[in-house]
$ cat upload_34.cif   # mmCIF, C-alpha atoms and all ligand atoms
data_start
loop_
_atom_site.label_atom_id
_atom_site.label_comp_id
_atom_site.auth_asym_id
_atom_site.auth_seq_id
_atom_site.Cartn_x
_atom_site.Cartn_y
_atom_site.Cartn_z
CA MET A 113 54.03 110.93 41.94
CA SER A 114 56.14 112.88 44.43
CA PRO A 115 56.98 111.02 47.68
CA ALA A 116 54.65 111.63 50.61
CA LEU A 117 55.95 114.33 52.92
CA VAL A 118 55.34 114.28 56.67
CA VAL A 119 55.75 117.15 59.12
CA GLY A 120 57.76 116.46 62.26
CA VAL A 121 57.22 118.84 65.20
CA ASP A 122 59.51 119.06 68.22
CA VAL A 123 57.98 120.97 71.15
CA GLY A 124 60.78 122.12 73.43
CA GLY A 125 60.86 124.26 76.54
CA THR A 126 62.23 127.23 74.54
CA ASN A 127 61.26 126.66 70.91
CA ILE A 128 58.86 124.67 68.80
CA GLU A 129 60.61 123.37 65.66
CA ALA A 130 58.82 121.94 62.63
CA GLY A 131 60.26 120.35 59.51
CA LEU A 132 58.96 118.84 56.28
CA VAL A 133 60.51 115.38 56.07
CA ARG A 134 60.89 113.04 53.08
CA PRO A 135 60.51 109.23 53.36
CA ASP A 136 64.35 108.96 53.32
CA HIS A 137 64.37 111.18 56.49
CA GLN A 138 65.86 114.22 54.74
CA VAL A 139 64.47 117.51 56.07
CA LEU A 140 63.33 119.72 53.17
CA GLY A 141 62.26 122.83 55.06
CA ARG A 142 62.24 124.08 58.62
CA ARG A 143 60.31 126.64 60.68
CA LYS A 144 60.56 127.50 64.33
CA ALA A 145 58.82 129.73 66.87
CA ALA A 146 59.23 130.48 70.56
CA THR A 147 57.25 128.07 72.78
CA PRO A 148 54.28 130.14 74.06
CA ALA A 149 53.70 130.31 77.81
CA GLY A 150 49.89 130.31 77.46
CA GLY A 151 49.32 126.57 77.92
CA PRO A 152 48.08 123.87 75.53
CA ASP A 153 45.82 126.08 73.36
CA ALA A 154 48.64 128.53 72.63
CA VAL A 155 50.96 125.62 71.77
CA LEU A 156 48.29 124.17 69.44
CA ASP A 157 47.97 127.59 67.74
CA THR A 158 51.73 127.74 67.21
CA ILE A 159 51.94 124.18 65.80
CA GLU A 160 49.02 124.93 63.45
CA MET A 161 50.78 128.12 62.27
CA LEU A 162 54.13 126.35 61.72
CA VAL A 163 52.55 123.45 59.78
CA GLY A 164 50.64 125.98 57.65
CA THR A 165 53.72 128.06 56.78
CA LEU A 166 55.77 124.95 55.88
CA GLY A 167 53.37 124.13 53.03
CA GLY A 168 54.40 121.09 50.96
CA ASP A 169 51.03 119.30 51.23
CA PRO A 170 52.01 116.83 53.98
CA VAL A 171 50.04 113.61 54.52
CA ALA A 172 50.57 113.34 58.30
CA VAL A 173 52.05 115.11 61.32
CA GLY A 174 54.15 113.72 64.17
CA VAL A 175 54.71 115.66 67.39
CA GLY A 176 57.20 115.19 70.23
CA VAL A 177 56.31 116.85 73.54
CA PRO A 178 58.35 117.08 76.76
CA GLY A 179 56.00 115.01 78.91
CA VAL A 180 54.41 111.63 79.46
CA VAL A 181 52.39 110.65 76.39
CA HIS A 182 49.97 107.75 76.18
CA GLY A 183 47.35 106.89 73.55
CA GLY A 184 47.44 110.29 71.86
CA GLU A 185 47.04 112.11 75.17
CA VAL A 186 49.62 114.25 76.89
CA LEU A 187 49.32 113.21 80.53
CA THR A 188 51.87 115.49 82.22
CA VAL A 189 54.21 118.21 80.96
CA PRO A 190 56.29 119.30 83.97
CA ASN A 191 58.49 121.74 82.02
CA LEU A 192 55.82 123.86 80.28
CA PRO A 193 53.60 126.38 82.08
CA GLY A 194 49.84 125.91 82.09
CA TRP A 195 49.67 122.15 81.40
CA ILE A 196 47.77 121.19 84.53
CA ARG A 197 45.56 118.37 83.25
CA PRO A 198 45.82 115.64 80.56
CA ILE A 199 45.20 116.97 77.03
CA ASP A 200 44.03 114.96 74.02
CA LEU A 201 46.52 116.73 71.78
CA ALA A 202 46.31 114.26 68.87
CA THR A 203 42.53 114.63 68.49
CA GLU A 204 42.69 118.44 68.85
CA LEU A 205 45.45 118.77 66.25
CA THR A 206 43.75 116.33 63.86
CA LYS A 207 40.63 118.56 63.99
CA ARG A 208 42.63 121.70 63.30
CA LEU A 209 44.89 120.31 60.56
CA ASP A 210 42.60 117.69 58.99
CA LEU A 211 45.59 115.30 58.98
CA PRO A 212 46.47 112.17 61.00
CA VAL A 213 48.56 113.14 64.03
CA ALA A 214 50.90 110.89 66.03
CA LEU A 215 52.22 111.96 69.42
CA GLY A 216 55.26 110.91 71.43
CA ASN A 217 57.52 111.92 74.30
CA ASP A 218 60.30 114.25 73.09
CA ALA A 219 63.21 112.07 74.20
CA ASN A 220 61.53 108.91 72.80
CA VAL A 221 61.01 110.77 69.52
CA GLY A 222 64.60 112.10 69.51
CA LEU A 223 65.92 108.58 69.97
CA LEU A 224 63.62 107.36 67.18
CA GLY A 225 65.19 109.99 64.90
CA GLU A 226 68.71 108.80 65.78
CA TRP A 227 67.59 105.19 65.30
CA VAL A 228 66.06 105.65 61.82
CA ALA A 229 68.62 108.08 60.43
CA GLY A 230 71.35 108.97 62.95
CA SER A 231 74.07 107.46 65.09
CA ALA A 232 71.96 104.50 66.34
CA ALA A 233 70.90 103.40 62.82
CA GLY A 234 70.79 99.60 62.60
CA ALA A 235 71.14 98.96 66.35
CA GLU A 236 68.68 96.47 67.87
CA ASN A 237 68.86 97.48 71.54
CA VAL A 238 69.45 101.12 72.43
CA LEU A 239 69.16 103.39 75.46
CA GLY A 240 68.78 107.10 74.66
CA VAL A 241 69.83 109.69 77.24
CA TRP A 242 68.70 113.23 76.39
CA LEU A 243 70.34 116.01 78.37
CA GLY A 244 68.47 119.29 78.50
CA THR A 245 66.53 121.28 81.09
CA GLY A 246 65.76 117.88 82.55
CA VAL A 247 67.11 114.45 81.63
CA GLY A 248 64.95 112.48 79.21
CA GLY A 249 65.37 109.01 77.85
CA GLY A 250 64.08 106.34 75.53
CA LEU A 251 64.49 102.67 74.68
CA ILE A 252 64.68 100.54 71.55
CA LEU A 253 64.41 96.88 72.58
CA GLY A 254 64.51 93.90 70.23
CA GLY A 255 64.46 96.22 67.22
CA GLN A 256 61.30 98.09 68.34
CA PRO A 257 60.70 101.34 70.25
CA PHE A 258 59.59 100.40 73.77
CA THR A 259 57.38 102.90 75.62
CA GLY A 260 55.91 100.69 78.36
CA VAL A 261 52.34 100.24 79.63
CA HIS A 262 51.75 103.95 80.39
CA GLY A 263 54.11 105.51 77.85
CA ALA A 264 56.61 106.22 80.62
CA ALA A 265 59.41 103.72 79.87
CA GLY A 266 62.99 104.90 79.45
CA GLU A 267 62.78 107.71 82.03
CA ILE A 268 66.47 107.50 82.87
CA GLY A 269 66.32 110.99 84.45
CA HIS A 270 64.14 109.64 87.25
CA VAL A 271 66.15 106.54 88.04
CA LEU A 272 67.25 106.88 91.67
CA ILE A 273 70.97 106.96 92.29
CA ARG A 274 70.98 108.12 95.92
CA ALA A 275 68.37 107.33 98.60
CA ASP A 276 67.23 110.60 100.23
CA GLY A 277 69.45 112.56 97.84
CA ALA A 278 68.84 115.92 96.15
CA LEU A 279 65.22 116.99 95.58
CA CYS A 280 64.06 116.36 91.99
CA HIS A 281 61.50 118.31 89.95
CA CYS A 282 59.30 115.16 90.07
CA GLY A 283 58.94 115.53 93.85
CA ARG A 284 61.15 112.58 94.80
CA ARG A 285 64.73 112.63 96.03
CA GLY A 286 67.93 111.28 94.51
CA CYS A 287 66.99 111.08 90.80
CA VAL A 288 69.67 111.42 88.08
CA GLU A 289 67.91 114.62 86.94
CA ALA A 290 68.32 116.18 90.40
CA TYR A 291 72.08 116.27 89.68
CA ALA A 292 72.36 116.27 85.91
CA GLY A 293 69.51 118.36 84.46
CA ARG A 294 70.39 121.94 83.49
CA ARG A 295 67.71 123.19 85.88
CA ALA A 296 69.30 121.33 88.80
CA MET A 297 72.84 122.32 87.79
CA GLU A 298 71.81 125.99 87.61
CA HIS A 299 70.26 125.72 91.07
CA THR A 300 73.47 124.19 92.44
CA VAL A 301 75.55 126.98 90.88
CA GLY A 302 73.26 129.58 92.51
CA VAL A 303 73.66 127.95 95.93
CA MET A 304 77.46 127.72 95.54
CA VAL A 305 77.74 131.36 94.43
CA GLY A 306 75.59 132.33 97.43
CA ALA A 307 78.12 130.49 99.59
CA GLY A 308 80.99 132.55 98.15
CA CYS A 309 82.16 130.53 95.11
CA VAL A 310 83.26 132.50 92.05
CA THR A 311 82.29 131.54 88.50
CA SER A 312 82.22 133.01 85.00
CA LEU A 313 78.95 131.19 84.19
CA HIS A 314 76.68 134.19 84.85
CA GLU A 315 78.96 136.59 82.99
CA ILE A 316 78.96 134.24 79.97
CA ARG A 317 75.17 133.94 80.22
CA ASP A 318 74.80 137.74 80.16
CA ARG A 319 77.30 138.12 77.30
CA TYR A 320 75.27 135.64 75.20
CA GLY A 321 72.07 137.51 76.11
CA LYS A 322 70.51 134.40 77.68
CA ALA A 323 68.09 134.30 80.61
CA ARG A 324 69.36 130.92 81.82
CA LEU A 325 72.49 128.78 81.87
CA THR A 326 71.94 127.21 78.44
CA SER A 327 73.99 124.39 76.89
CA LYS A 328 75.97 127.02 74.98
CA VAL A 329 76.81 128.82 78.24
CA TRP A 330 77.94 125.56 79.89
CA ALA A 331 80.03 124.59 76.86
CA ARG A 332 81.82 127.95 76.93
CA ALA A 333 82.50 127.85 80.70
CA LEU A 334 83.82 124.27 80.44
CA ALA A 335 86.03 125.22 77.48
CA GLN A 336 87.69 127.91 79.59
CA ASP A 337 88.02 125.58 82.62
CA ASP A 338 85.81 127.60 84.94
CA PRO A 339 86.39 125.70 88.23
CA LEU A 340 82.79 125.78 89.49
CA ALA A 341 81.39 124.79 86.07
CA VAL A 342 83.91 121.93 85.88
CA GLU A 343 82.97 120.72 89.39
CA VAL A 344 79.18 120.87 88.93
CA PHE A 345 79.42 119.28 85.49
CA ALA A 346 81.64 116.46 86.77
CA ALA A 347 78.99 115.66 89.41
CA ALA A 348 76.35 115.63 86.64
CA VAL A 349 78.40 113.23 84.49
CA GLU A 350 78.95 110.97 87.52
CA ALA A 351 75.18 110.88 88.21
CA ILE A 352 74.38 110.08 84.57
CA GLY A 353 77.06 107.36 84.55
CA ILE A 354 75.51 105.60 87.56
CA GLY A 355 71.96 105.93 86.19
CA VAL A 356 72.97 104.66 82.76
CA ALA A 357 74.88 101.73 84.26
CA ASN A 358 71.76 100.71 86.24
CA ALA A 359 69.67 100.86 83.07
CA VAL A 360 72.24 98.85 81.10
CA VAL A 361 72.44 96.16 83.81
CA LEU A 362 68.65 95.87 83.62
CA THR A 363 68.23 95.93 79.82
CA ASP A 364 71.58 94.70 78.43
CA VAL A 365 71.40 97.13 75.49
CA ASP A 366 74.41 97.32 73.16
CA THR A 367 74.25 101.05 72.40
CA VAL A 368 73.79 104.20 74.50
CA VAL A 369 73.03 107.36 72.51
CA VAL A 370 73.65 110.68 74.24
CA GLY A 371 71.56 113.52 72.81
CA GLY A 372 69.96 116.85 73.66
CA GLY A 373 71.39 120.36 73.85
CA LEU A 374 74.50 119.52 75.88
CA ALA A 375 75.42 116.59 73.60
CA GLU A 376 75.00 118.85 70.58
CA LYS A 377 77.54 121.28 72.03
CA LEU A 378 79.99 118.76 73.56
CA GLY A 379 79.68 115.90 71.07
CA GLN A 380 81.43 112.54 71.37
CA GLY A 381 83.63 113.90 74.18
CA LEU A 382 80.53 113.94 76.43
CA ALA A 383 79.50 110.41 75.39
CA ASP A 384 83.05 109.21 76.20
CA ARG A 385 82.96 110.86 79.64
CA ILE A 386 79.62 109.19 80.43
CA ALA A 387 81.08 105.84 79.29
CA THR A 388 83.98 106.29 81.70
CA ALA A 389 81.61 107.28 84.53
CA ALA A 390 79.39 104.23 83.90
CA GLN A 391 82.25 101.73 83.65
CA PRO A 392 82.81 101.00 87.39
CA TRP A 393 79.11 100.12 87.83
CA LEU A 394 78.71 97.77 84.86
CA LEU A 395 79.04 93.99 84.83
CA ALA A 396 81.85 92.33 82.86
CA ARG A 397 79.36 90.95 80.35
CA HIS A 398 78.73 94.46 78.96
CA ALA A 399 82.13 94.55 77.29
CA ARG A 400 80.73 95.36 73.84
CA LEU A 401 78.60 98.28 74.99
CA ARG A 402 79.22 101.46 72.98
CA PHE A 403 78.43 105.08 73.88
CA ILE A 404 77.82 107.46 70.98
CA ALA A 405 76.75 111.07 70.60
CA ALA A 406 73.57 111.84 68.66
CA ALA A 407 74.39 112.74 65.05
CA LEU A 408 71.36 114.71 63.85
CA GLY A 409 71.64 117.64 66.30
CA ASP A 410 68.52 119.76 66.40
CA ASP A 411 66.95 117.61 63.68
CA SER A 412 66.68 114.38 65.73
CA GLY A 413 63.34 115.49 67.21
CA VAL A 414 61.88 116.62 63.88
CA VAL A 415 63.08 113.51 61.99
CA GLY A 416 61.93 111.23 64.84
CA ALA A 417 58.48 112.87 65.06
CA ALA A 418 58.01 112.40 61.31
CA ALA A 419 59.16 108.76 61.61
CA LEU A 420 56.65 108.24 64.43
CA ALA A 421 53.85 109.53 62.17
CA ARG A 422 54.96 107.21 59.35
CA ARG A 423 55.12 104.21 61.69
CA SER A 424 51.63 105.04 63.06
CA GLY A 425 49.99 105.23 59.64
CA SER A 426 50.64 103.88 56.18
CA CYS A 427 52.53 106.85 54.75
ZN ZN B 501 62.83 112.73 89.49
#
$ encode --input "upload_34.cif" --output "structure tokens"
Amino acid sequence: MSPALVVGVDVGGTNIEAGLVRPDHQVLGRRKAATPAGGPDAVLDTIEMLVGTLGGDPVAVGVGVPGVVHGGEVLTVPNLPGWIRPIDLATELTKRLDLPVALGNDANVGLLGEWVAGSAAGAENVLGVWLGTGVGGGLILGGQPFTGVHGAAGEIGHVLIRADGALCHCGRRGCVEAYAGRRAMEHTVGVMVGAGCVTSLHEIRDRYGKARLTSKVWARALAQDDPLAVEVFAAAVEAIGIGVANAVVLTDVDTVVVGGGLAEKLGQGLADRIATAAQPWLLARHARLRFIAAALGDDSGVVGAAALARRSGSC
């Protein structure tokens, strides 16, 4: 009998990626589509289409979404348009696909992927920091994924690092994400350019045909030592370092995995910079703490979503 295949789906702000995943976490086939702006129903249509075109007779589906997930429901999705009330996504998708569906937060699921098959494989206590439009996070504690009472654990992006600091997308002030998310960094660049600063970031963005300052645009500007990009990015790394140090002091994890679009482009060099930024705020007892870049790239979400589905059922 052929091994049971599971579909992992990673719903991002730009694209929805789906992959057919074997029990050994190898991805056999992939499909992706632009994330529709029409709200939950349009996203459900796209997931249904992607799962259908993958074929392979899967036995379950796992889905990572960029929001707070609890008990199969998506409670809030701040980065996607039209998600204004909690949605029972697992039940809706189960009806459409006639398959068991497991649901998780995208950064939690990305960390799960790195934990089962990537750079955090074998670690017992891990903090995941996912750098994208916002800053996501996840925790593995005592050899188990830890999502908290409301599914909201590991939100390193909303750890406060400065009382009455910069305004965050969550409505509070001084969060890590208010300095380190791509959305916040792009806003800062806009303000600085308005004040007379010069940067190649927008020219690079236009040359790549992008609408926003993507990870690829940032990586290029940093590679050519654009002064404004270097300055804004250094402030982001500093903010992440402080936030991560706070989380490490609280949890005493042994591994910090840095993932998401920026980590994919900047690799271990970014993880090393965050380690250096965190160092002054750690306690001496964290001497064995290691910082590593995610190893699966784009696949961490797909592999992690499939692993979530396997852990939720018996496949
Ligand atoms: Zn926040």
$ residues_near_ligand --input "upload_34.cif" --ligand "ligand ZN 501 (chain B)" --cutoff "12 Å" --atoms "only C-alpha atoms and all ligand atoms" --output "PyMOL selection string"
chain A and resi 190+246-248+267-293+296+355
$ write_last_selection --input "upload_34.cif" --atoms "C-alpha atoms" --output "PDB file, in the frame of the given file"
ATOM      1  CA  PRO A 190      56.290 119.300  83.970  1.00  0.00           C
ATOM      2  CA  GLY A 246      65.760 117.880  82.550  1.00  0.00           C
ATOM      3  CA  VAL A 247      67.110 114.450  81.630  1.00  0.00           C
ATOM      4  CA  GLY A 248      64.950 112.480  79.210  1.00  0.00           C
ATOM      5  CA  GLU A 267      62.780 107.710  82.030  1.00  0.00           C
ATOM      6  CA  ILE A 268      66.470 107.500  82.870  1.00  0.00           C
ATOM      7  CA  GLY A 269      66.320 110.990  84.450  1.00  0.00           C
ATOM      8  CA  HIS A 270      64.140 109.640  87.250  1.00  0.00           C
ATOM      9  CA  VAL A 271      66.150 106.540  88.040  1.00  0.00           C
ATOM     10  CA  LEU A 272      67.250 106.880  91.670  1.00  0.00           C
ATOM     11  CA  ILE A 273      70.970 106.960  92.290  1.00  0.00           C
ATOM     12  CA  ARG A 274      70.980 108.120  95.920  1.00  0.00           C
ATOM     13  CA  ALA A 275      68.370 107.330  98.600  1.00  0.00           C
ATOM     14  CA  ASP A 276      67.230 110.600 100.230  1.00  0.00           C
ATOM     15  CA  GLY A 277      69.450 112.560  97.840  1.00  0.00           C
ATOM     16  CA  ALA A 278      68.840 115.920  96.150  1.00  0.00           C
ATOM     17  CA  LEU A 279      65.220 116.990  95.580  1.00  0.00           C
ATOM     18  CA  CYS A 280      64.060 116.360  91.990  1.00  0.00           C
ATOM     19  CA  HIS A 281      61.500 118.310  89.950  1.00  0.00           C
ATOM     20  CA  CYS A 282      59.300 115.160  90.070  1.00  0.00           C
ATOM     21  CA  GLY A 283      58.940 115.530  93.850  1.00  0.00           C
ATOM     22  CA  ARG A 284      61.150 112.580  94.800  1.00  0.00           C
ATOM     23  CA  ARG A 285      64.730 112.630  96.030  1.00  0.00           C
ATOM     24  CA  GLY A 286      67.930 111.280  94.510  1.00  0.00           C
ATOM     25  CA  CYS A 287      66.990 111.080  90.800  1.00  0.00           C
ATOM     26  CA  VAL A 288      69.670 111.420  88.080  1.00  0.00           C
ATOM     27  CA  GLU A 289      67.910 114.620  86.940  1.00  0.00           C
ATOM     28  CA  ALA A 290      68.320 116.180  90.400  1.00  0.00           C
ATOM     29  CA  TYR A 291      72.080 116.270  89.680  1.00  0.00           C
ATOM     30  CA  ALA A 292      72.360 116.270  85.910  1.00  0.00           C
ATOM     31  CA  GLY A 293      69.510 118.360  84.460  1.00  0.00           C
ATOM     32  CA  ALA A 296      69.300 121.330  88.800  1.00  0.00           C
ATOM     33  CA  GLY A 355      71.960 105.930  86.190  1.00  0.00           C
TER      34      GLY A 355
END
$ closest_residue --input "upload_34.cif" --among "A:Ala233, A:Val139, A:Val356, A:Val155" --to "Gly124 in chain A" --atoms "all atoms listed in the file"
A:Val155
$ residues_near_point --input "upload_34.cif" --point "(52.4, 124.4, 53.5)" --cutoff "12 Å" --atoms "only C-alpha atoms" --output "PDB file with C-alpha atoms, in the frame of the given file"
ATOM      1  CA  LEU A 117      55.950 114.330  52.920  1.00  0.00           C
ATOM      2  CA  VAL A 118      55.340 114.280  56.670  1.00  0.00           C
ATOM      3  CA  VAL A 119      55.750 117.150  59.120  1.00  0.00           C
ATOM      4  CA  ALA A 130      58.820 121.940  62.630  1.00  0.00           C
ATOM      5  CA  GLY A 131      60.260 120.350  59.510  1.00  0.00           C
ATOM      6  CA  LEU A 132      58.960 118.840  56.280  1.00  0.00           C
ATOM      7  CA  LEU A 140      63.330 119.720  53.170  1.00  0.00           C
ATOM      8  CA  GLY A 141      62.260 122.830  55.060  1.00  0.00           C
ATOM      9  CA  ARG A 142      62.240 124.080  58.620  1.00  0.00           C
ATOM     10  CA  ARG A 143      60.310 126.640  60.680  1.00  0.00           C
ATOM     11  CA  GLU A 160      49.020 124.930  63.450  1.00  0.00           C
ATOM     12  CA  MET A 161      50.780 128.120  62.270  1.00  0.00           C
ATOM     13  CA  LEU A 162      54.130 126.350  61.720  1.00  0.00           C
ATOM     14  CA  VAL A 163      52.550 123.450  59.780  1.00  0.00           C
ATOM     15  CA  GLY A 164      50.640 125.980  57.650  1.00  0.00           C
ATOM     16  CA  THR A 165      53.720 128.060  56.780  1.00  0.00           C
ATOM     17  CA  LEU A 166      55.770 124.950  55.880  1.00  0.00           C
ATOM     18  CA  GLY A 167      53.370 124.130  53.030  1.00  0.00           C
ATOM     19  CA  GLY A 168      54.400 121.090  50.960  1.00  0.00           C
ATOM     20  CA  ASP A 169      51.030 119.300  51.230  1.00  0.00           C
ATOM     21  CA  PRO A 170      52.010 116.830  53.980  1.00  0.00           C
ATOM     22  CA  VAL A 171      50.040 113.610  54.520  1.00  0.00           C
ATOM     23  CA  LEU A 209      44.890 120.310  60.560  1.00  0.00           C
TER      24      LEU A 209
END
$ closest_residue --input "upload_34.cif" --among "A:Thr367, A:Thr259, A:Ser327, A:Asn358" --to "Ile404 in chain A" --atoms "only C-alpha atoms"
A:Thr367
$ residues_around --input "upload_34.cif" --residues "Ala229 in chain A" --least-positions-apart "3" --cutoff "10 Å" --atoms "all atoms listed in the file" --output "MDAnalysis selection string"
chainID A and resid 136:138 223:226 232:234 407:408 412 415:416 419
$ atom_distance --input "upload_34.cif" --atom1 "CA of Thr203 in chain A" --atom2 "CA of Ala418 in chain A"
17.2 Å
$ closest_residue --input "upload_34.cif" --among "A:Val221, A:Ala154, A:Leu205, A:Leu334" --to "Val180 in chain A" --atoms "all atoms listed in the file"
A:Val221
$ residues_around --input "upload_34.cif" --residues "Gly409 in chain A" --least-positions-apart "6" --cutoff "8 Å" --atoms "all atoms listed in the file" --output "list in words"
Gly371, Gly372 and Glu376 of chain A
$ atom_distance --input "upload_34.cif" --atom1 "CA of Gly216 in chain A" --atom2 "CA of Val329 in chain A"
28.8 Å
$ residues_around --input "upload_34.cif" --residues "Val121 in chain A" --least-positions-apart "5" --cutoff "6 Å" --atoms "all atoms listed in the file" --output "JSON list (two decimals) with C-alpha atoms, keeping the file's coordinate frame"
[["chain", "number", "residue", "atom", "x", "y", "z"],
["A", 129, "GLU", "CA", 60.61, 123.37, 65.66],
["A", 130, "ALA", "CA", 58.82, 121.94, 62.63],
["A", 175, "VAL", "CA", 54.71, 115.66, 67.39],
["A", 414, "VAL", "CA", 61.88, 116.62, 63.88]]
$ closest_residue --input "upload_34.cif" --among "A:Ala383, A:Ala265, A:Val213, A:Ile354" --to "Ser424 in chain A" --atoms "all atoms listed in the file"
A:Val213
$ closest_residue --input "upload_34.cif" --among "A:Val368, A:Ala149, A:Ile128, A:Val228" --to "Pro193 in chain A" --atoms "all atoms listed in the file"
A:Ala149
$ closest_residue --input "upload_34.cif" --among "A:Arg324, A:Lys207, A:Arg422, A:Arg332" --to "Met297 in chain A" --atoms "all atoms listed in the file"
A:Arg324
$ residues_around --input "upload_34.cif" --residues "Gly254 in chain A" --least-positions-apart "5" --cutoff "10 Å" --atoms "only C-alpha atoms" --output "list of chain:residue names"
A:Ala235, A:Glu236, A:Asn237, A:Val238, A:Val365
$ residues_around --input "upload_34.cif" --residues "Thr388 in chain A" --least-positions-apart "2" --cutoff "12 Å" --atoms "only C-alpha atoms" --output "ChimeraX atom specification"
/A:346,349-354,356-357,381-386,390-394,401-403
$ decode --input "upload_34.cif" --residues "range 232-279 of chain A" --atoms "C-alpha atoms" --output "compact mmCIF listing (two decimals), in the first residue's frame"
# COMPACT_ATOMS: atom_id res chain seq x y z
CA ALA A 232 15.06 22.71 14.69
CA ALA A 233 14.72 18.93 14.23
CA GLY A 234 15.33 17.14 17.54
CA ALA A 235 15.24 20.27 19.72
CA GLU A 236 13.06 20.10 22.85
CA ASN A 237 12.53 23.81 23.53
CA VAL A 238 12.33 26.21 20.62
CA LEU A 239 11.21 29.77 19.94
CA GLY A 240 10.29 30.52 16.31
CA VAL A 241 10.49 34.09 15.01
CA TRP A 242 8.88 34.56 11.60
CA LEU A 243 9.71 37.80 9.81
CA GLY A 244 7.28 38.88 7.12
CA THR A 245 4.67 41.60 6.66
CA GLY A 246 4.31 41.33 10.42
CA VAL A 247 6.37 39.39 12.94
CA GLY A 248 4.95 35.98 13.86
CA GLY A 249 6.18 33.43 16.33
CA GLY A 250 5.73 30.01 17.83
CA LEU A 251 6.90 27.82 20.70
CA ILE A 252 7.91 24.21 21.21
CA LEU A 253 8.14 23.56 24.96
CA GLY A 254 9.11 20.27 26.58
CA GLY A 255 9.09 18.54 23.20
CA GLN A 256 5.52 19.65 22.32
CA PRO A 257 4.08 22.56 20.31
CA PHE A 258 2.66 25.07 22.80
CA THR A 259 -0.20 27.28 21.59
CA GLY A 260 -1.64 28.50 24.90
CA VAL A 261 -5.22 28.71 26.21
CA HIS A 262 -6.56 30.79 23.28
CA GLY A 263 -4.17 29.65 20.55
CA ALA A 264 -2.26 32.92 20.88
CA ALA A 265 1.01 31.81 22.51
CA GLY A 266 4.35 32.67 20.93
CA GLU A 267 3.28 36.06 19.57
CA ILE A 268 6.78 37.48 19.76
CA GLY A 269 5.80 40.29 17.35
CA HIS A 270 3.50 41.78 19.99
CA VAL A 271 5.89 41.62 22.91
CA LEU A 272 6.38 45.21 24.09
CA ILE A 273 9.90 46.56 23.93
CA ARG A 274 9.18 50.26 24.48
CA ALA A 275 6.39 51.77 26.61
CA ASP A 276 4.46 54.33 24.51
CA GLY A 277 6.63 53.47 21.50
CA ALA A 278 5.68 53.23 17.82
CA LEU A 279 2.06 52.42 16.96
